[in-house]
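Novice: Sharing a structure, written as structure tokens. Questions coming.
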Number of protein chains: 2
Amino acid sequence: MEYDIIMRLAQYKKVLIKLRSMGFIKVFSDNLSDALGISASLVRKDFAACRLTGKRRGGYQVNELIEKINLLLGVSGEQKVVIVGCGKLGSALLNYRGFENEQIKVVAGFDPNPQRQNKDSGIPVYPPEEMESFIKKHGVKVAVLAVPEDVALTMLEHLQSFGIRGVLNFTPAPMRSSAVCNVENVNLALEVEKLFYLISARKLRKENDPE
Amino acid sequence: MEYDIIMRLAQYKKVLIKLRSMGFIKVFSDNLSDALGISASLVRKDFAACRLTGKRRGGYQVNELIEKINLLLGVSGEQKVVIVGCGKLGSALLNYRGFENEQIKVVAGFDPNPQRQNKDSGIPVYPPEEMESFIKKHGVKVAVLAVPEDVALTMLEHLQSFGIRGVLNFTPAPMRSSAVCNVENVNLALEVEKLFYLISARKLRKENDPE
DNA sequence: TAGATTGTTAATCGATTAACAATC
DNA sequence: TAGATTGTTAATCGATTAACAATC
């Protein structure tokens, strides 16, 4: 399935859950297109590609859509995640609330600094030596990478060999997906730079073309 | 200028800076295409669109490229940013090291919780009441939004009225750019969900189509 | 039936790549 | 000159939208 569809599926799901809580039983492609700011054609096309069917007059069943989207997104109960590198950013992610709604569960963190380790209260933080056994024992497939840039690449290789199949990379070093492991890069500095550019571009446009 | 070009300009810049430190004086579109994993045509097209010119035989001047890209990206000295909402995530961003290299400077944080406020050491954190005067006084144009989801939208409106023109939104509520303000959404839960989907999709593909 | 909405095909649009003439 | 690389035009590709027949 195409890459962009996944993002939209997750967005559809969010809207659908909200609609369900409002008492909606069915939705039309038109409703969802409004909510996401895309065309109704695209909604129907996405659904067709995912074999989510509706009725020609009666739209789509909200409940059915939510269930099937969960299946498609691979959401089968809790989705376990570990945080690798528990500095400021890592430890913030350790307790990030936004994960809760989405059935994402942070099960452990790893950090070489003993002061950051903590096996008892809350989400445990272990030394890196325990990473391999923990990941294998709990069958963790997804890791958030928040280590210093210089160790990012070697850490990625370790994680892959431990069985990790998806990595959310917060280090400034962009990394590519391999044959066995998907990598998503979140480059905060790049995003901020983009904002500054967009602002100056907008200013220039205004000055040159003040229609 | 097109949206995607900006991202690539920032990436070109990073590679170019590394090349310069290695002693490179000139680069060819072929070099940069390898580094970014795109075609050489696209590199040349990007440069042409940004009026970055080279010589037909001698490639592009590294120094000249870096300088001109900085101009294009609106990088004129320090780029000031404020953090709105200094919970776990916000305070991590307050001291995020990845910003330093890119001339991004976090000048202040804002939070209603007095325990998080701190006007003396390090980067100051002020109560929200001081936000307007601070932003106007220092001419801050970009804000990082890390407040709870339910106040995100009203906060965005406030920020716009204070003069903020770019927002990096870490709340789970996706928000759209307005006529005066660019919004970049960073939805961590969505990114993690995507990874889980990619993994299960990959597994399915392997099972069904084991060539 | 008449009306409305899906499912699908054709058209459009934008981004990327290929190709090549211009030229250093 | 011969060779190499840019700048640019044409071709391709994929994603999105428009349009409409099928049908509930």
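Chain labels follow the order of the structure tokens: the first chain is A, the next B, and so on; residue numbering restarts at 1 in every chain, and ligands are counted from 1 in their shown order.
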Select all residues from chain C having any atom no more than 12 Å from an atom of chain B (counting only C-alpha atoms (C1' of nucleotides), ignoring ligands), output as a compact mmCIF listing (two decimals) with N, CA and C atoms (P, O5', C5', C4', C3', O3' and C1' of nucleotides), in the first residue's frame.
Specialist:
# COMPACT_ATOMS: atom_id res chain seq x y z
P DG C 14 -0.28 22.25 -10.28
O5' DG C 14 0.82 21.34 -9.58
C5' DG C 14 0.46 20.48 -8.51
C4' DG C 14 1.65 19.60 -8.19
C3' DG C 14 2.99 20.31 -8.29
O3' DG C 14 3.82 19.84 -7.25
C1' DG C 14 3.00 18.46 -9.72
P DA C 15 5.22 20.51 -6.94
O5' DA C 15 6.11 19.30 -6.42
C5' DA C 15 5.51 18.04 -6.15
C4' DA C 15 6.40 16.93 -6.65
C3' DA C 15 7.89 17.27 -6.65
O3' DA C 15 8.59 16.15 -6.13
C1' DA C 15 7.26 16.51 -8.77
P DT C 16 10.13 16.21 -5.76
O5' DT C 16 10.77 15.21 -6.82
C5' DT C 16 10.25 13.89 -6.93
C4' DT C 16 10.70 13.28 -8.23
C3' DT C 16 12.22 13.33 -8.46
O3' DT C 16 12.70 11.99 -8.45
C1' DT C 16 10.99 13.87 -10.44
P DT C 17 14.23 11.66 -8.70
O5' DT C 17 14.26 11.36 -10.26
C5' DT C 17 13.39 10.36 -10.79
C4' DT C 17 13.54 10.30 -12.28
C3' DT C 17 14.97 10.14 -12.78
O3' DT C 17 14.99 9.06 -13.70
C1' DT C 17 13.91 11.92 -13.91
P DA C 18 16.35 8.49 -14.28
O5' DA C 18 16.19 8.81 -15.84
C5' DA C 18 14.90 8.85 -16.42
C4' DA C 18 15.00 9.28 -17.87
C3' DA C 18 16.34 9.04 -18.54
O3' DA C 18 16.09 8.68 -19.89
C1' DA C 18 15.90 11.35 -18.53
P DA C 19 17.28 8.38 -20.91
O5' DA C 19 17.39 9.73 -21.73
C5' DA C 19 16.21 10.35 -22.23
C4' DA C 19 16.58 11.60 -23.01
C3' DA C 19 17.91 11.49 -23.75
O3' DA C 19 17.78 12.17 -24.99
C1' DA C 19 17.99 13.31 -22.27
P DA C 22 22.24 23.86 -29.11
O5' DA C 22 22.88 24.43 -27.77
C5' DA C 22 22.06 25.14 -26.84
C4' DA C 22 22.92 25.62 -25.69
C3' DA C 22 24.11 26.49 -26.11
O3' DA C 22 24.22 27.57 -25.20
C1' DA C 22 24.88 24.62 -24.88
P DT C 23 25.42 28.57 -25.23
O5' DT C 23 26.53 27.82 -24.39
C5' DT C 23 26.67 28.06 -22.99
C4' DT C 23 27.98 27.46 -22.55
C3' DT C 23 29.21 28.07 -23.23
O3' DT C 23 30.21 28.32 -22.27
C1' DT C 23 29.33 25.78 -23.29
P DC C 24 30.26 29.75 -21.48
O5' DC C 24 31.31 29.49 -20.30
C5' DC C 24 30.95 28.62 -19.23
C4' DC C 24 32.03 27.59 -19.02
C3' DC C 24 33.45 28.12 -19.12
O3' DC C 24 34.07 28.00 -17.84
C1' DC C 24 33.22 26.03 -20.25
Novice: Write out, as a Markdown table, each residue of chain B that has an atom at most 8 Å from chain A, together with the closest pair of atoms and their distance in Å to one decimal, counting only C-alpha atoms, rows going by chain and rising number.
Specialist:
| residue | atom | partner | partner_atom | distance |
| --- | --- | --- | --- | --- |
| B:Met1 | CA | A:Ala201 | CA | 7.7 |
| B:Ile6 | CA | A:Lys194 | CA | 6.3 |
| B:Met7 | CA | A:Lys194 | CA | 6.7 |
| B:Ala10 | CA | A:Leu190 | CA | 6.9 |
| B:Leu72 | CA | A:Tyr197 | CA | 7.0 |
| B:Leu73 | CA | A:Tyr197 | CA | 4.4 |
| B:Gly74 | CA | A:Tyr197 | CA | 5.2 |
| B:Val75 | CA | A:Phe196 | CA | 7.5 |
| B:Gln79 | CA | A:Phe196 | CA | 7.8 |
| B:Lys88 | CA | A:Ala92 | CA | 4.8 |
| B:Leu89 | CA | A:Ala92 | CA | 5.0 |
| B:Ser91 | CA | A:Lys88 | CA | 7.9 |
| B:Ala92 | CA | A:Lys88 | CA | 4.8 |
| B:Leu93 | CA | A:Leu89 | CA | 7.0 |
| B:Asn95 | CA | A:Lys88 | CA | 7.8 |
| B:Tyr96 | CA | A:Leu89 | CA | 7.4 |
| B:Gly98 | CA | A:Ala189 | CA | 6.3 |
| B:Phe99 | CA | A:Ala189 | CA | 5.4 |
| B:Glu102 | CA | A:Ala189 | CA | 6.8 |
| B:Ile104 | CA | A:Ala189 | CA | 7.6 |
| B:Val142 | CA | A:Leu195 | CA | 7.3 |
| B:Arg165 | CA | A:Ile199 | CA | 6.5 |
| B:Gly166 | CA | A:Leu195 | CA | 5.5 |
| B:Val167 | CA | A:Leu195 | CA | 7.3 |
| B:Leu168 | CA | A:Val192 | CA | 6.9 |
| B:Thr171 | CA | A:Gly98 | CA | 7.8 |
| B:Pro172 | CA | A:Gly98 | CA | 6.5 |
| B:Asn182 | CA | A:Leu195 | CA | 6.8 |
| B:Val183 | CA | A:Leu195 | CA | 7.8 |
| B:Glu184 | CA | A:Glu191 | CA | 7.3 |
| B:Leu188 | CA | A:Gly98 | CA | 7.6 |
| B:Ala189 | CA | A:Phe99 | CA | 5.4 |
| B:Leu190 | CA | A:Ala10 | CA | 6.9 |
| B:Glu191 | CA | A:Glu184 | CA | 7.3 |
| B:Val192 | CA | A:Leu168 | CA | 6.9 |
| B:Glu193 | CA | A:Leu73 | CA | 7.1 |
| B:Lys194 | CA | A:Ile6 | CA | 6.4 |
| B:Leu195 | CA | A:Gly166 | CA | 5.5 |
| B:Phe196 | CA | A:Gly74 | CA | 6.1 |
| B:Tyr197 | CA | A:Leu73 | CA | 4.5 |
| B:Leu198 | CA | A:Asn182 | CA | 7.2 |
| B:Ile199 | CA | A:Arg165 | CA | 6.5 |
| B:Ser200 | CA | A:Gly74 | CA | 5.6 |
| B:Ala201 | CA | A:Met1 | CA | 7.7 |
Novice: Based on the selection just made, write N, CA and C atoms of those residues as a CSV table (one decimal), in the first residue's frame.
Specialist:
chain,number,residue,atom,x,y,z
B,1,MET,N,8.4,29.6,-4.1
B,1,MET,CA,9.2,28.4,-4.3
B,1,MET,C,8.4,27.2,-3.7
B,6,ILE,N,12.6,23.5,-0.1
B,6,ILE,CA,13.2,24.0,1.2
B,6,ILE,C,13.9,22.9,2.0
B,7,MET,N,13.2,21.8,2.2
B,7,MET,CA,13.8,20.7,2.9
B,7,MET,C,15.1,20.3,2.3
B,10,ALA,N,18.0,22.7,2.9
B,10,ALA,CA,18.6,22.6,4.2
B,10,ALA,C,19.5,21.4,4.2
B,72,LEU,N,18.7,32.3,1.2
B,72,LEU,CA,17.4,31.8,0.8
B,72,LEU,C,16.6,31.3,2.0
B,73,LEU,N,17.3,30.6,2.9
B,73,LEU,CA,16.6,30.0,4.0
B,73,LEU,C,16.2,31.1,5.1
B,74,GLY,N,16.6,32.3,4.8
B,74,GLY,CA,16.3,33.4,5.8
B,74,GLY,C,17.1,33.3,7.0
B,75,VAL,N,18.3,32.7,6.9
B,75,VAL,CA,19.2,32.6,8.0
B,75,VAL,C,20.1,33.8,8.0
B,79,GLN,N,18.5,32.7,14.8
B,79,GLN,CA,17.1,32.6,14.6
B,79,GLN,C,16.4,32.3,15.9
B,88,LYS,N,7.2,18.2,30.2
B,88,LYS,CA,8.4,17.4,29.9
B,88,LYS,C,8.9,17.6,28.5
B,89,LEU,N,8.1,17.6,27.5
B,89,LEU,CA,8.5,17.7,26.2
B,89,LEU,C,9.1,19.1,25.9
B,91,SER,N,10.2,21.4,28.0
B,91,SER,CA,11.5,21.7,28.7
B,91,SER,C,12.7,20.9,28.1
B,92,ALA,N,12.4,19.8,27.5
B,92,ALA,CA,13.4,19.1,26.8
B,92,ALA,C,13.9,19.9,25.5
B,93,LEU,N,12.9,20.5,24.9
B,93,LEU,CA,13.2,21.3,23.7
B,93,LEU,C,13.9,22.5,24.0
B,95,ASN,N,16.3,22.9,25.9
B,95,ASN,CA,17.7,22.7,25.9
B,95,ASN,C,18.2,21.8,24.8
B,96,TYR,N,17.4,21.6,23.8
B,96,TYR,CA,17.7,20.7,22.7
B,96,TYR,C,19.0,21.1,22.0
B,98,GLY,N,20.4,19.9,19.3
B,98,GLY,CA,20.3,19.8,17.8
B,98,GLY,C,20.1,21.2,17.2
B,99,PHE,N,19.6,22.1,18.0
B,99,PHE,CA,19.3,23.5,17.4
B,99,PHE,C,20.6,24.3,17.3
B,102,GLU,N,22.5,24.8,13.9
B,102,GLU,CA,21.7,25.5,12.9
B,102,GLU,C,21.4,26.9,13.2
B,104,ILE,N,19.9,28.2,15.5
B,104,ILE,CA,18.6,28.4,16.1
B,104,ILE,C,18.8,28.6,17.6
B,142,VAL,N,9.0,32.8,15.5
B,142,VAL,CA,8.7,31.4,15.5
B,142,VAL,C,8.6,30.8,16.9
B,165,ARG,N,4.9,34.1,13.4
B,165,ARG,CA,4.5,33.8,12.0
B,165,ARG,C,4.9,32.4,11.6
B,166,GLY,N,5.4,31.6,12.5
B,166,GLY,CA,5.7,30.2,12.2
B,166,GLY,C,5.6,29.4,13.5
B,167,VAL,N,4.9,28.3,13.4
B,167,VAL,CA,4.6,27.5,14.6
B,167,VAL,C,5.0,26.0,14.4
B,168,LEU,N,5.8,25.5,15.2
B,168,LEU,CA,6.1,24.0,15.2
B,168,LEU,C,5.2,23.4,16.2
B,171,THR,N,1.5,19.4,19.6
B,171,THR,CA,0.2,18.8,20.1
B,171,THR,C,-0.4,17.8,19.1
B,172,PRO,N,-1.1,16.9,19.6
B,172,PRO,CA,-1.7,15.9,18.7
B,172,PRO,C,-2.8,16.5,17.8
B,182,ASN,N,2.5,30.2,9.3
B,182,ASN,CA,2.8,28.8,8.9
B,182,ASN,C,2.8,27.9,10.0
B,183,VAL,N,2.1,26.7,9.9
B,183,VAL,CA,2.1,25.7,10.9
B,183,VAL,C,2.7,24.4,10.4
B,184,GLU,N,3.7,23.9,11.2
B,184,GLU,CA,4.2,22.6,10.9
B,184,GLU,C,3.8,21.6,12.0
B,188,LEU,N,3.8,12.9,16.9
B,188,LEU,CA,4.7,11.7,17.3
B,188,LEU,C,3.9,10.4,17.3
B,189,ALA,N,2.7,10.4,17.9
B,189,ALA,CA,1.9,9.2,17.9
B,189,ALA,C,1.6,8.7,16.5
B,190,LEU,N,1.3,9.6,15.6
B,190,LEU,CA,1.1,9.3,14.2
B,190,LEU,C,2.3,8.6,13.6
B,191,GLU,N,3.5,9.1,13.9
B,191,GLU,CA,4.7,8.6,13.3
B,191,GLU,C,4.9,7.2,13.8
B,192,VAL,N,4.7,7.0,15.1
B,192,VAL,CA,4.8,5.6,15.6
B,192,VAL,C,3.8,4.7,15.0
B,193,GLU,N,2.6,5.1,14.9
B,193,GLU,CA,1.6,4.3,14.3
B,193,GLU,C,2.0,3.9,12.9
B,194,LYS,N,2.5,4.8,12.2
B,194,LYS,CA,3.0,4.5,10.8
B,194,LYS,C,4.0,3.4,10.8
B,195,LEU,N,4.9,3.5,11.7
B,195,LEU,CA,5.9,2.4,11.8
B,195,LEU,C,5.3,1.0,12.0
B,196,PHE,N,4.3,1.0,13.0
B,196,PHE,CA,3.7,-0.3,13.2
B,196,PHE,C,3.0,-0.8,11.9
B,197,TYR,N,2.4,0.1,11.3
B,197,TYR,CA,1.7,-0.3,10.0
B,197,TYR,C,2.7,-0.8,9.0
B,198,LEU,N,3.8,-0.1,8.8
B,198,LEU,CA,4.8,-0.5,7.8
B,198,LEU,C,5.3,-1.9,8.1
B,199,ILE,N,5.5,-2.1,9.4
B,199,ILE,CA,6.0,-3.5,9.8
B,199,ILE,C,5.0,-4.5,9.5
B,200,SER,N,3.7,-4.3,9.8
B,200,SER,CA,2.7,-5.3,9.5
B,200,SER,C,2.5,-5.5,8.0
B,201,ALA,N,2.6,-4.4,7.3
B,201,ALA,CA,2.4,-4.4,5.9
B,201,ALA,C,3.6,-5.2,5.3
Novice: Looking only at the backbone, which of the residues in range 70-166 of chain B does DSSP tag as strand (DSSP E), as a list of chain:residue names?
Specialist: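 Matching residues, listed in order: B:Gln79, B:Lys80, B:Val81, B:Val82, B:Ile83, B:Val84, B:Ile104, B:Lys105, B:Val106, B:Val107, B:Ala108, B:Gly109, B:Phe110, B:Val125, B:Tyr126, B:Val142, B:Ala143, B:Val144, B:Leu145, B:Gly166.
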Novice: Go ahead and write the residues just picked, N, CA and C atoms, as a tab-separated table (two decimals), in the first residue's frame.
Specialist:
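Contents of part.tsv, freshly written:
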chain	number	residue	atom	x	y	z
B	79	GLN	N	18.48	32.70	14.82
B	79	GLN	CA	17.06	32.56	14.57
B	79	GLN	C	16.38	32.31	15.91
B	80	LYS	N	15.64	33.31	16.36
B	80	LYS	CA	15.07	33.24	17.70
B	80	LYS	C	13.76	32.44	17.75
B	81	VAL	N	13.66	31.60	18.77
B	81	VAL	CA	12.50	30.74	18.94
B	81	VAL	C	12.07	30.77	20.41
B	82	VAL	N	10.77	30.73	20.65
B	82	VAL	CA	10.28	30.54	22.03
B	82	VAL	C	9.55	29.21	22.13
B	83	ILE	N	9.58	28.65	23.34
B	83	ILE	CA	8.88	27.40	23.61
B	83	ILE	C	7.64	27.72	24.44
B	84	VAL	N	6.47	27.37	23.92
B	84	VAL	CA	5.23	27.66	24.63
B	84	VAL	C	4.72	26.36	25.24
B	104	ILE	N	19.90	28.18	15.48
B	104	ILE	CA	18.59	28.39	16.10
B	104	ILE	C	18.79	28.61	17.59
B	105	LYS	N	18.24	29.68	18.09
B	105	LYS	CA	18.46	30.01	19.50
B	105	LYS	C	17.13	30.07	20.24
B	106	VAL	N	16.98	29.21	21.24
B	106	VAL	CA	15.78	29.27	22.07
B	106	VAL	C	15.99	30.39	23.08
B	107	VAL	N	15.16	31.43	23.01
B	107	VAL	CA	15.38	32.61	23.85
B	107	VAL	C	14.53	32.60	25.12
B	108	ALA	N	13.42	31.86	25.13
B	108	ALA	CA	12.59	31.83	26.34
B	108	ALA	C	11.55	30.73	26.24
B	109	GLY	N	11.05	30.34	27.43
B	109	GLY	CA	9.90	29.44	27.49
B	109	GLY	C	8.78	30.12	28.24
B	110	PHE	N	7.57	29.59	28.08
B	110	PHE	CA	6.42	30.15	28.80
B	110	PHE	C	5.58	29.01	29.36
B	125	VAL	N	12.15	30.91	31.86
B	125	VAL	CA	10.76	30.49	31.61
B	125	VAL	C	9.84	31.46	32.34
B	126	TYR	N	8.98	32.12	31.58
B	126	TYR	CA	8.12	33.15	32.15
B	126	TYR	C	6.67	32.67	32.22
B	142	VAL	N	9.03	32.84	15.53
B	142	VAL	CA	8.74	31.40	15.50
B	142	VAL	C	8.56	30.85	16.91
B	143	ALA	N	7.52	30.04	17.08
B	143	ALA	CA	7.24	29.44	18.38
B	143	ALA	C	7.08	27.93	18.24
B	144	VAL	N	7.51	27.22	19.28
B	144	VAL	CA	7.28	25.78	19.37
B	144	VAL	C	6.14	25.57	20.34
B	145	LEU	N	5.10	24.88	19.88
B	145	LEU	CA	3.89	24.73	20.69
B	145	LEU	C	3.87	23.35	21.32
B	166	GLY	N	5.41	31.63	12.50
B	166	GLY	CA	5.70	30.22	12.23
B	166	GLY	C	5.56	29.42	13.50
Novice: Report as a list in words all protein, DNA and RNA residues lying within 12 Å of Arg51 in chain A, evaluated on only C-alpha atoms (C1' of nucleotides), omitting residues in the same chain fewer than 3 positions from it.
Specialist: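 The contact residues come out as Met1, Arg44, Lys45, Asp46, Phe47, Ala48, Gly54, Tyr60, Glu64, Leu65, Lys68, Ile69, Leu71 and Leu72 of chain A; DG7 of chain C.
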Novice: Let's have the selection written as a CSV table (one decimal), in the first residue's frame, with N, CA and C atoms (P, O5', C5', C4', C3', O3' and C1' of nucleotides).
Specialist:
chain,number,residue,atom,x,y,z
A,1,MET,N,0.8,-1.2,0.0
A,1,MET,CA,0.0,0.0,0.0
A,1,MET,C,0.9,1.3,0.0
A,44,ARG,N,-12.7,7.9,-1.1
A,44,ARG,CA,-13.2,6.6,-1.6
A,44,ARG,C,-12.1,5.8,-2.2
A,45,LYS,N,-11.2,6.4,-2.9
A,45,LYS,CA,-10.1,5.7,-3.5
A,45,LYS,C,-9.2,5.0,-2.4
A,46,ASP,N,-9.0,5.7,-1.3
A,46,ASP,CA,-8.2,5.1,-0.2
A,46,ASP,C,-9.0,3.9,0.3
A,47,PHE,N,-10.3,4.1,0.5
A,47,PHE,CA,-11.0,3.0,1.1
A,47,PHE,C,-11.1,1.8,0.2
A,48,ALA,N,-11.2,2.1,-1.1
A,48,ALA,CA,-11.3,1.0,-2.1
A,48,ALA,C,-9.9,0.2,-2.1
A,54,GLY,N,-18.5,0.4,1.2
A,54,GLY,CA,-19.7,1.1,1.8
A,54,GLY,C,-20.9,0.7,1.0
A,60,TYR,N,-20.6,4.7,4.7
A,60,TYR,CA,-19.8,3.7,5.3
A,60,TYR,C,-20.2,3.5,6.8
A,64,GLU,N,-17.5,-0.3,11.7
A,64,GLU,CA,-16.8,-1.2,10.8
A,64,GLU,C,-15.5,-0.6,10.3
A,65,LEU,N,-15.6,0.7,9.9
A,65,LEU,CA,-14.4,1.4,9.4
A,65,LEU,C,-13.3,1.4,10.5
A,68,LYS,N,-11.7,-2.1,11.0
A,68,LYS,CA,-10.9,-2.5,9.9
A,68,LYS,C,-9.6,-1.7,9.7
A,69,ILE,N,-9.7,-0.4,10.0
A,69,ILE,CA,-8.5,0.4,10.0
A,69,ILE,C,-7.5,0.0,11.0
A,71,LEU,N,-7.1,-3.0,12.1
A,71,LEU,CA,-6.5,-4.2,11.6
A,71,LEU,C,-5.4,-3.8,10.6
A,72,LEU,N,-5.8,-2.9,9.7
A,72,LEU,CA,-4.8,-2.5,8.6
A,72,LEU,C,-3.6,-1.8,9.2
C,7,DG,P,-17.9,1.5,-2.0
C,7,DG,O5',-17.5,1.4,-3.5
C,7,DG,C5',-18.2,0.6,-4.4
C,7,DG,C4',-17.7,0.7,-5.8
C,7,DG,C3',-16.2,0.5,-6.0
C,7,DG,O3',-16.1,-0.4,-7.1
C,7,DG,C1',-16.8,2.6,-6.9
Novice: List every residue of range 40-80 of chain B that DSSP, applied to the backbone of this structure, assigns to helix (DSSP H, G or I), and report them as an MDAnalysis selection string.
Specialist: chainID B and resid 40:49 62:72
Novice: Find the residues around Ser161 in chain B up to 12 Å (only C-alpha atoms (C1' of nucleotides) counted), leave out those fewer than 2 positions away in its own chain, and share them as a list in words.
Specialist: Met131, Glu132, Ser133, Ile135, Lys136, Lys141, Thr154, Met155, Leu156, Glu157, His158, Leu159, Gly163, Ile164, Arg165, Val180 and Cys181 of chain B
